[in-house]
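Okay, structure first, notes after.
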Amino acid sequence: MTGTLVLLRHGESEWNAKNLFTGWVDVDLNAKGETEARRGGELLKEQDLLPDVVHTSLLRRAIRTSEIALHTADRHWIPVKRSWRLNERHYGALQGKDKKQTLEQYGEEQFMLWRRSYDVPPPPIEDGNEFSQFADPRYAALPPELKPRSECLKDVLLRALPYWYDAIVPDLIAGKTVLVAAHGNSLRAIVKHLDQISDEAIAKLNIPTGIPLRYNLDDALRPLNPGGEYLDPETAKEAAAAVANQGR
Ligand SMILES: O=C(O)[C@@H](CO)OP(=O)(O)O
């Protein structure tokens, strides 16, 4: 068996609580999100799933979640690697918009196409929009063709895979317990890849905030436990249903 993979979506953010599309906007955790991150760390400790290395996105909510969880699990000292390739899906012109209002304005079908279809991106964001990351210094080194103005899940998978193979897989092959602290949609992309979920079925998969999801992988990096196992399965089930219902 290769190493163990632990996927952790950040705790609730200020904009999750307000029901706003977030994407690449760098919103912080709220108090509930900090509590969820601590609980995530307790679960890691209780279930003896102590990470050897952590990979995060470049966004504050994932970075802080990993720091709080690792601090709680006494693993604050492990090596950290970060990449824009683990960022949340860029939500294009929907960034900063209210999910309920968007649903009412555009109708269920369009809303769900933008939110959960595999290959339909939302309209692109204008560079001058207050929620654009066009001038954000953390992406200054990215060539223009890699800097998204909107992404569908397929785009996220395509940009996440180079990081998966180049940075995460070597840690797994080395037998490490690898924590990936990221986002609802970047983790959906990784799960789609791992579990070979079809383009249609992935629309139904929702990942709750702050609950570690464990995958044991074989030597070919296929899950020995397809679908993974949440460290708190009951809470995860309810919380995933709540994510699915956002906007209603
Ligand atoms: O707003 C977002 O960036 C994501 C995650 O919070 O939302 P959704 O679950 O609607 O894709």
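By order of appearance in the structure tokens: chains A, B, ..., then residues from 1 within every chain, and ligands from 1 in the order shown.
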
Step by step, measure atom-to-atom distances between ligand 1 and each residue using only C-alpha atoms and all ligand atoms, keep those at most 8 Å, then write them as number ranges by chain. A: 15-16, 19-24, 88-91, 95, 99, 115-116, 183-185, 206, 243-244, 246

Using DSSP assignments from the backbone, pull out every residue in region 117-237 of chain A that falls under alpha helix (DSSP H) and give it to me as a count of residues only. 33

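Here CA of Pro148 (chain A) and CA of Ile168 (chain A) stand 22.5 Å from one another.
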
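Going from CA of Pro79 (chain A) to CA of His193 (chain A) covers 25.1 Å.
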
Just how far from CA of Pro233 (chain A) is CA of Ile68 (chain A), in Å to one decimal? 21.0 Å

Return as a Markdown table the residues of region 74-148 of chain A lying at most 12 Å from region 43-53 of chain A, together with the closest atom-to-atom pair for each and the distance in Å to one decimal, counting only C-alpha atoms, with rows in chain order and ascending residue number.
| residue | atom | partner | partner_atom | distance |
| --- | --- | --- | --- | --- |
| A:Asp74 | CA | A:Lys45 | CA | 8.2 |
| A:Arg75 | CA | A:Pro51 | CA | 7.1 |
| A:His76 | CA | A:Pro51 | CA | 9.7 |
| A:Trp77 | CA | A:Val53 | CA | 9.2 |
| A:Ile78 | CA | A:Val53 | CA | 5.5 |
| A:Pro79 | CA | A:Val53 | CA | 5.1 |
| A:Val80 | CA | A:Val53 | CA | 6.1 |
| A:Lys81 | CA | A:Val53 | CA | 8.0 |
| A:Arg82 | CA | A:Val53 | CA | 11.1 |

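Those residues in region 160-226 of chain A carrying a DSSP assignment of strand (DSSP E), computed from the backbone, are Thr177, Val178, Leu179, Val180, Ala181, Ala182, Leu213, Arg214, Tyr215 and Asn216 of chain A.
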